[in-house]
Structure formats: C-alpha cells, structure tokens
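Q: Sending over data_18.pdb (PDB, C-alpha atoms and all ligand atoms).
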```pdb
ATOM      1  CA  MET A 250       0.000   0.000   0.000
ATOM      2  CA  LYS A 251       1.469   3.370  -1.034
ATOM      3  CA  ALA A 252       1.045   5.913   1.755
ATOM      4  CA  LEU A 253       1.343   9.665   2.112
ATOM      5  CA  THR A 254       1.540  11.503   5.435
ATOM      6  CA  ILE A 255       0.600  15.157   5.253
ATOM      7  CA  PHE A 256       0.874  17.497   8.225
ATOM      8  CA  TYR A 257       1.425  20.988   9.574
ATOM      9  CA  SER A 258       3.387  21.741  12.725
ATOM     10  CA  LEU A 259       4.163  25.071  14.378
ATOM     11  CA  GLU A 260       6.269  23.818  17.265
ATOM     12  CA  GLY A 261       7.404  20.344  16.281
ATOM     13  CA  ASN A 262       4.966  18.014  18.069
ATOM     14  CA  THR A 263       2.959  17.056  15.004
ATOM     15  CA  ASN A 264       6.212  16.850  13.071
ATOM     16  CA  ILE A 265       7.732  14.095  15.240
ATOM     17  CA  ILE A 266       4.542  12.054  15.192
ATOM     18  CA  ALA A 267       4.161  12.455  11.421
ATOM     19  CA  ASN A 268       7.733  11.272  10.934
ATOM     20  CA  ALA A 269       7.273   8.308  13.275
ATOM     21  CA  ILE A 270       4.179   7.270  11.305
ATOM     22  CA  ASN A 271       5.950   7.694   8.002
ATOM     23  CA  ASP A 272       8.974   5.706   9.210
ATOM     24  CA  GLU A 273       6.576   2.841   9.849
ATOM     25  CA  LEU A 274       4.720   3.286   6.552
ATOM     26  CA  GLN A 275       7.839   3.852   4.453
ATOM     27  CA  GLY A 276       5.792   6.216   2.327
ATOM     28  CA  ASP A 277       6.065   9.869   1.374
ATOM     29  CA  ILE A 278       5.693  12.793   3.733
ATOM     30  CA  VAL A 279       4.692  16.397   3.086
ATOM     31  CA  GLU A 280       4.714  19.335   5.462
ATOM     32  CA  ILE A 281       2.216  22.088   4.717
ATOM     33  CA  LYS A 282       3.975  25.447   5.050
ATOM     34  CA  PRO A 283       2.128  28.757   5.136
ATOM     35  CA  LYS A 284       3.701  31.563   3.103
ATOM     36  CA  GLN A 285       3.677  33.625   6.305
ATOM     37  CA  GLU A 286       4.040  31.759   9.604
ATOM     38  CA  ILE A 287       2.396  33.056  12.789
ATOM     39  CA  PRO A 288       4.733  33.903  15.706
ATOM     40  CA  ASN A 289       5.575  30.714  17.595
ATOM     41  CA  LYS A 290       6.615  32.335  20.872
ATOM     42  CA  GLY A 291       4.625  33.555  23.886
ATOM     43  CA  LEU A 292       0.967  34.443  23.884
ATOM     44  CA  ARG A 293       1.014  36.023  20.429
ATOM     45  CA  LYS A 294       0.752  32.595  18.806
ATOM     46  CA  TYR A 295      -2.605  32.021  20.544
ATOM     47  CA  PHE A 296      -3.868  35.384  19.393
ATOM     48  CA  TRP A 297      -2.851  35.009  15.750
ATOM     49  CA  GLY A 298      -3.620  31.302  15.473
ATOM     50  CA  GLY A 299      -6.908  31.632  17.353
ATOM     51  CA  LYS A 300      -7.965  34.513  15.120
ATOM     52  CA  GLN A 301      -7.294  32.446  11.987
ATOM     53  CA  VAL A 302      -9.502  29.636  13.314
ATOM     54  CA  LEU A 303     -12.325  31.869  14.539
ATOM     55  CA  PHE A 304     -12.563  33.727  11.235
ATOM     56  CA  GLY A 305     -12.214  30.573   9.148
ATOM     57  CA  GLU A 306      -9.167  32.061   7.446
ATOM     58  CA  LYS A 307      -7.355  30.416   4.548
ATOM     59  CA  PRO A 308      -3.720  31.424   4.921
ATOM     60  CA  GLU A 309      -1.702  31.164   1.729
ATOM     61  CA  ILE A 310       0.384  27.995   1.613
ATOM     62  CA  ASN A 311       3.361  26.927  -0.450
ATOM     63  CA  ASP A 312       2.475  24.836  -3.490
ATOM     64  CA  ILE A 313       2.170  21.123  -2.873
ATOM     65  CA  LYS A 314       3.261  19.343  -6.021
ATOM     66  CA  ILE A 315       1.953  15.889  -5.315
ATOM     67  CA  ASP A 316       0.093  13.435  -7.507
ATOM     68  CA  PHE A 317      -2.465  12.235  -4.963
ATOM     69  CA  SER A 318      -3.681   9.537  -7.351
ATOM     70  CA  LYS A 319      -0.481   7.551  -6.537
ATOM     71  CA  TYR A 320      -1.548   6.908  -2.940
ATOM     72  CA  ASP A 321      -3.887   4.342  -1.370
ATOM     73  CA  LEU A 322      -3.632   5.709   2.175
ATOM     74  CA  ILE A 323      -3.359   9.342   3.258
ATOM     75  CA  VAL A 324      -2.617  10.201   6.898
ATOM     76  CA  PHE A 325      -3.481  13.756   7.974
ATOM     77  CA  GLY A 326      -1.842  15.310  11.041
ATOM     78  CA  THR A 327      -2.685  18.591  12.719
ATOM     79  CA  PRO A 328      -2.064  20.459  15.938
ATOM     80  CA  ILE A 329      -5.300  21.461  17.682
ATOM     81  CA  TRP A 330      -5.958  25.181  17.536
ATOM     82  CA  ALA A 331      -9.068  26.508  19.282
ATOM     83  CA  SER A 332     -10.485  22.947  19.302
ATOM     84  CA  ASN A 333     -10.138  22.585  15.532
ATOM     85  CA  PHE A 334      -7.637  21.584  12.855
ATOM     86  CA  VAL A 335      -5.232  24.315  11.783
ATOM     87  CA  PRO A 336      -6.412  26.875   9.196
ATOM     88  CA  VAL A 337      -3.790  25.908   6.588
ATOM     89  CA  PHE A 338      -5.974  22.833   6.026
ATOM     90  CA  ASN A 339      -8.838  25.152   4.968
ATOM     91  CA  THR A 340      -6.537  26.307   2.171
ATOM     92  CA  PHE A 341      -5.378  22.777   1.434
ATOM     93  CA  PHE A 342      -8.919  21.434   1.035
ATOM     94  CA  GLU A 343      -9.850  24.330  -1.217
ATOM     95  CA  LYS A 344      -6.961  23.482  -3.554
ATOM     96  CA  HIS A 345      -7.006  19.680  -3.398
ATOM     97  CA  SER A 346      -9.933  17.296  -3.629
ATOM     98  CA  ILE A 347      -9.185  13.987  -1.919
ATOM     99  CA  LYS A 348     -11.600  11.176  -2.820
ATOM    100  CA  ASN A 349     -11.753   7.388  -2.691
ATOM    101  CA  LYS A 350      -8.733   7.032  -0.419
ATOM    102  CA  LYS A 351      -8.120   5.226   2.799
ATOM    103  CA  VAL A 352      -7.694   7.986   5.357
ATOM    104  CA  ALA A 353      -6.318   8.088   8.916
ATOM    105  CA  LEU A 354      -6.227  11.156  11.158
ATOM    106  CA  PHE A 355      -4.061  12.234  14.055
ATOM    107  CA  CYS A 356      -3.682  15.359  16.130
ATOM    108  CA  CYS A 357      -1.466  16.840  18.813
ATOM    109  CA  HIS A 358      -3.093  18.926  21.519
ATOM    110  CA  GLY A 359      -2.137  20.683  24.719
ATOM    111  CA  GLY A 360      -4.531  18.841  27.020
ATOM    112  CA  GLY A 361      -7.922  19.728  25.562
ATOM    113  CA  LYS A 362      -8.081  16.573  23.423
ATOM    114  CA  GLU A 363      -9.105  16.627  19.755
ATOM    115  CA  GLY A 364     -12.067  19.005  20.098
ATOM    116  CA  LYS A 365     -14.002  19.015  16.833
ATOM    117  CA  ALA A 366     -10.951  18.529  14.623
ATOM    118  CA  PHE A 367     -11.695  14.948  13.545
ATOM    119  CA  VAL A 368     -15.363  15.753  12.875
ATOM    120  CA  LYS A 369     -14.297  18.749  10.758
ATOM    121  CA  PHE A 370     -11.705  16.693   8.881
ATOM    122  CA  LYS A 371     -14.376  14.118   8.076
ATOM    123  CA  GLU A 372     -16.680  16.812   6.719
ATOM    124  CA  LYS A 373     -13.920  18.019   4.392
ATOM    125  CA  LEU A 374     -12.942  14.475   3.460
ATOM    126  CA  GLN A 375     -16.321  13.042   2.544
ATOM    127  CA  GLY A 376     -16.076  10.283  -0.049
ATOM    128  CA  ASN A 377     -13.121   8.585   1.634
ATOM    129  CA  ASN A 378     -12.807   5.473   3.777
ATOM    130  CA  PHE A 379     -11.815   6.367   7.364
ATOM    131  CA  LEU A 380      -9.590   3.795   9.021
ATOM    132  CA  GLY A 381      -8.930   5.454  12.368
ATOM    133  CA  GLU A 382      -7.931   8.463  14.421
ATOM    134  CA  ILE A 383      -5.675   9.146  17.397
ATOM    135  CA  ALA A 384      -4.708  12.088  19.605
ATOM    136  CA  PHE A 385      -1.395  12.849  21.327
ATOM    137  CA  GLU A 386      -0.843  15.312  24.170
ATOM    138  CA  ASP A 387       2.206  17.534  23.490
ATOM    139  CA  PRO A 388       4.426  14.563  22.646
ATOM    140  CA  LEU A 389       7.629  16.607  22.584
ATOM    141  CA  LYS A 390       7.138  17.656  26.204
ATOM    142  CA  LYS A 391       5.343  14.606  27.568
ATOM    143  CA  ASP A 392       6.806  11.167  27.193
ATOM    144  CA  LYS A 393       8.238  11.619  23.715
ATOM    145  CA  ASP A 394       9.617   8.089  23.308
ATOM    146  CA  ASN A 395       6.393   6.406  24.379
ATOM    147  CA  ASN A 396       4.340   8.644  22.114
ATOM    148  CA  ILE A 397       6.528   7.704  19.167
ATOM    149  CA  ILE A 398       6.011   4.024  19.976
ATOM    150  CA  ARG A 399       2.252   4.647  20.339
ATOM    151  CA  ALA A 400       2.156   6.331  16.929
ATOM    152  CA  ARG A 401       4.045   3.478  15.257
ATOM    153  CA  GLU A 402       1.868   0.828  16.894
ATOM    154  CA  TRP A 403      -1.289   2.691  15.922
ATOM    155  CA  ILE A 404      -0.414   2.969  12.251
ATOM    156  CA  LYS A 405       0.519  -0.714  12.173
ATOM    157  CA  THR A 406      -3.031  -1.572  13.292
ATOM    158  CA  ILE A 407      -4.410   0.790  10.638
ATOM    159  CA  ILE A 408      -2.647  -0.941   7.749
ATOM    160  CA  LYS A 409      -3.145  -4.493   9.019
TER     161      LYS A 409
HETATM  162  C1  LIG B   1      -3.118  29.063  18.326
HETATM  163  C2  LIG B   1      -3.103  27.851  19.219
HETATM  164  C3  LIG B   1      -4.299  27.356  19.720
HETATM  165  C4  LIG B   1      -4.312  26.181  20.514
HETATM  166  N1  LIG B   1      -5.520  25.699  20.937
HETATM  167  C5  LIG B   1      -5.541  24.531  21.641
HETATM  168  C6  LIG B   1      -6.795  23.956  22.033
HETATM  169  O1  LIG B   1      -7.889  24.462  21.740
HETATM  170  N2  LIG B   1      -6.763  22.795  22.754
HETATM  171  C7  LIG B   1      -5.579  22.184  23.100
HETATM  172  O2  LIG B   1      -5.616  21.138  23.751
HETATM  173  N3  LIG B   1      -4.381  22.694  22.707
HETATM  174  C8  LIG B   1      -4.335  23.848  21.992
HETATM  175  N4  LIG B   1      -3.122  24.363  21.572
HETATM  176  C9  LIG B   1      -1.881  23.614  21.895
HETATM  177  C10 LIG B   1      -1.371  22.768  20.700
HETATM  178  O3  LIG B   1      -2.436  22.063  20.075
HETATM  179  C11 LIG B   1      -0.348  21.724  21.161
HETATM  180  O4  LIG B   1       0.683  22.349  21.901
HETATM  181  C12 LIG B   1       0.226  20.918  20.004
HETATM  182  O5  LIG B   1       0.968  19.826  20.528
HETATM  183  C13 LIG B   1       1.136  21.764  19.123
HETATM  184  O6  LIG B   1       1.529  21.047  17.992
HETATM  185  P1  LIG B   1       2.801  21.510  17.107
HETATM  186  O7  LIG B   1       4.006  21.495  18.023
HETATM  187  O8  LIG B   1       2.913  20.500  16.017
HETATM  188  O9  LIG B   1       2.558  22.893  16.586
HETATM  189  C14 LIG B   1      -3.089  25.526  20.814
HETATM  190  C15 LIG B   1      -1.876  26.046  20.309
HETATM  191  C16 LIG B   1      -1.874  27.195  19.518
HETATM  192  C17 LIG B   1      -0.569  27.719  18.973
END
```
Before anything else, please render the file you have as structure tokens.
A:
Amino acid sequence: MKALTIFYSLEGNTNIIANAINDELQGDIVEIKPKQEIPNKGLRKYFWGGKQVLFGEKPEINDIKIDFSKYDLIVFGTPIWASNFVPVFNTFFEKHSIKNKKVALFCCHGGGKEGKAFVKFKEKLQGNNFLGEIAFEDPLKKDKDNNIIRAREWIKTIIK
C-alpha cells in the first residue's frame, strides 16, 4: 500500500509524530507550510492562530506538487488550535480534492483533546474510507519516546 503523510506543525509536536508514522509506513511525507508563519513564541501565537480559526481564514500555503492519485492511504496530522484543525488545512482542502482514499487522522493537543478537529476533517474528506484516528498530548514535552512508539503501533493496526 502506497502511503502519504501530510501534516502541519508550528512547534514540532505534530512533526515528530508524522515522521514516526511515516517511518513505519515507508511512504512519502509532506509538510504544509504557510507563506507567512504566525509567531511561535509567547501568547502572540494564541492570538494570531486563534484569530485564523475563529474567522475561518485560509492562509496562503506553499504549493504542494503531489500526484495524490499515486496513494492508497493518506494520513493527515494537525495540531489542535481553538479545538479545531489548523487553518492551513482550509486552504489545502480548497486546492485539493481527496476522494476514494483510505484515510487516517491524528492530532497533537495541549490537554484539551481533539475538540471538533476529527469531525471537521471528516466533513472536508467526505467520499473517503476512514480507518482510524488518534490524539497525542504535546508529545515533545510529555513522554516523547512512548508517544513515538504509540504512533508506530497505531499505524501498524491501521494498515493491518
Ligand atoms: C493558536 C493555538 C491554539 C491552541 N488551541 C488549543 C486547544 O484548543 N486545545 C488544546 O488542547 N491545545 C491547543 N493548543 C496547543 C497545541 O495544540 C499543542 O501544543 C500541540 O501539541 C502543538 O503542535 P505543534 O508542536 O505541532 O505545533 C493551541 C496552540 C496554539 C498555537
């Protein structure tokens, strides 16, 4: 099964989980990058990131030159912002229509769990076959090694 892992990460948590999953899948991995990143220090990140979510913004992102038709499984990874997926995915879903794929979802949060992120992903990803979802609490700060193992074990059960 050819797999793609696609994620955004402001502070690295989603990045390490995405890479752990991709190491297990031996597939391709893509990081969504906004043309202009929000500040990642102090309280300003909550202000700017929260504002993007609340207003349903679609920040410009760098081009993703991927032939999605090559993949059977696509894994989406997001940090939780204001109980939702990050706004760069609004832009992504406007540019790319993903259909008839196996899909798995993961998120990294700061203690508030996944909020409505998985529900919102599923709305945007109608017409796909959902295999599973999992949430991690700040894996860089909290039990990094175990979270990496958890991610690898999870994706193994997904592709079994
Ligand atoms: C703008 C913003 C909003 C956030 N909102 C939430 C939230 O609603 N619930 C929560 O549990 N964590 C929230 N967090 C914390 C992040 O989801 C968490 O630290 C995550 O692990 C960060 O992933 P990253 O390092 O890949 O960017 C928020 C962080 C930011 C920057």
Q: Take the PyMOL selection byres (((chain A and resi 349-365) around 8) and not hetatm), run it mentally on this structure, and tell me the resulting residues as number ranges by chain.
A: A: 262-263, 320-330, 332-334, 347-348, 366-369, 376-388, 407
Q: Taking the file as shown, find all residues satisfying the PyMOL selection byres (((chain A and resi 303-306) around 9) and not hetatm) and write them as a list in words.
A: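 Evaluating the PyMOL selection byres (((chain A and resi 303-306) around 9) and not hetatm) on these coordinates yields Gly298, Gly299, Lys300, Gln301, Val302, Lys307, Pro308, Ala331, Pro336, Val337, Asn339 and Thr340 of chain A.
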Q: Could you tell me which of A:Asn395, A:Asn289, A:Gln375, A:Asn271 comes closest to ligand LIG 1 (chain B) if we count only C-alpha atoms and all ligand atoms?
A: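 Between A:Asn395, A:Asn289, A:Gln375, A:Asn271, the residue approaching ligand LIG 1 (chain B) most closely is A:Asn289.
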Q: For a quick check of understanding, using all atoms listed in the file, which of A:Glu372, A:Glu309, A:Glu273, A:Glu260 has the smallest distance to ligand LIG 1 (chain B)?
A: A:Glu260
Q: Which residue out of A:Lys390, A:Thr406, A:Met250, A:Lys344 has the minimum interatomic distance to ligand LIG 1 (chain B) when only C-alpha atoms and all ligand atoms are used?
A: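 Using only C-alpha atoms and all ligand atoms, the shortest distance to ligand LIG 1 (chain B) belongs to A:Lys390.
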Q: Between atom C12 of ligand LIG 1 (chain B) and CA of Gly276 in chain A, measure the distance and give it in Å to one decimal.
A: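 Separating atom C12 of ligand LIG 1 (chain B) from CA of Gly276 in chain A is a distance of 23.7 Å.
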Q: Considering all atoms listed in the file, can you say which of A:Ile313, A:Leu374, A:Leu389, A:Ile397 comes closest to ligand LIG 1 (chain B)?
A: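 Ranking A:Ile313, A:Leu374, A:Leu389, A:Ile397 by distance to ligand LIG 1 (chain B), first place goes to A:Leu389.
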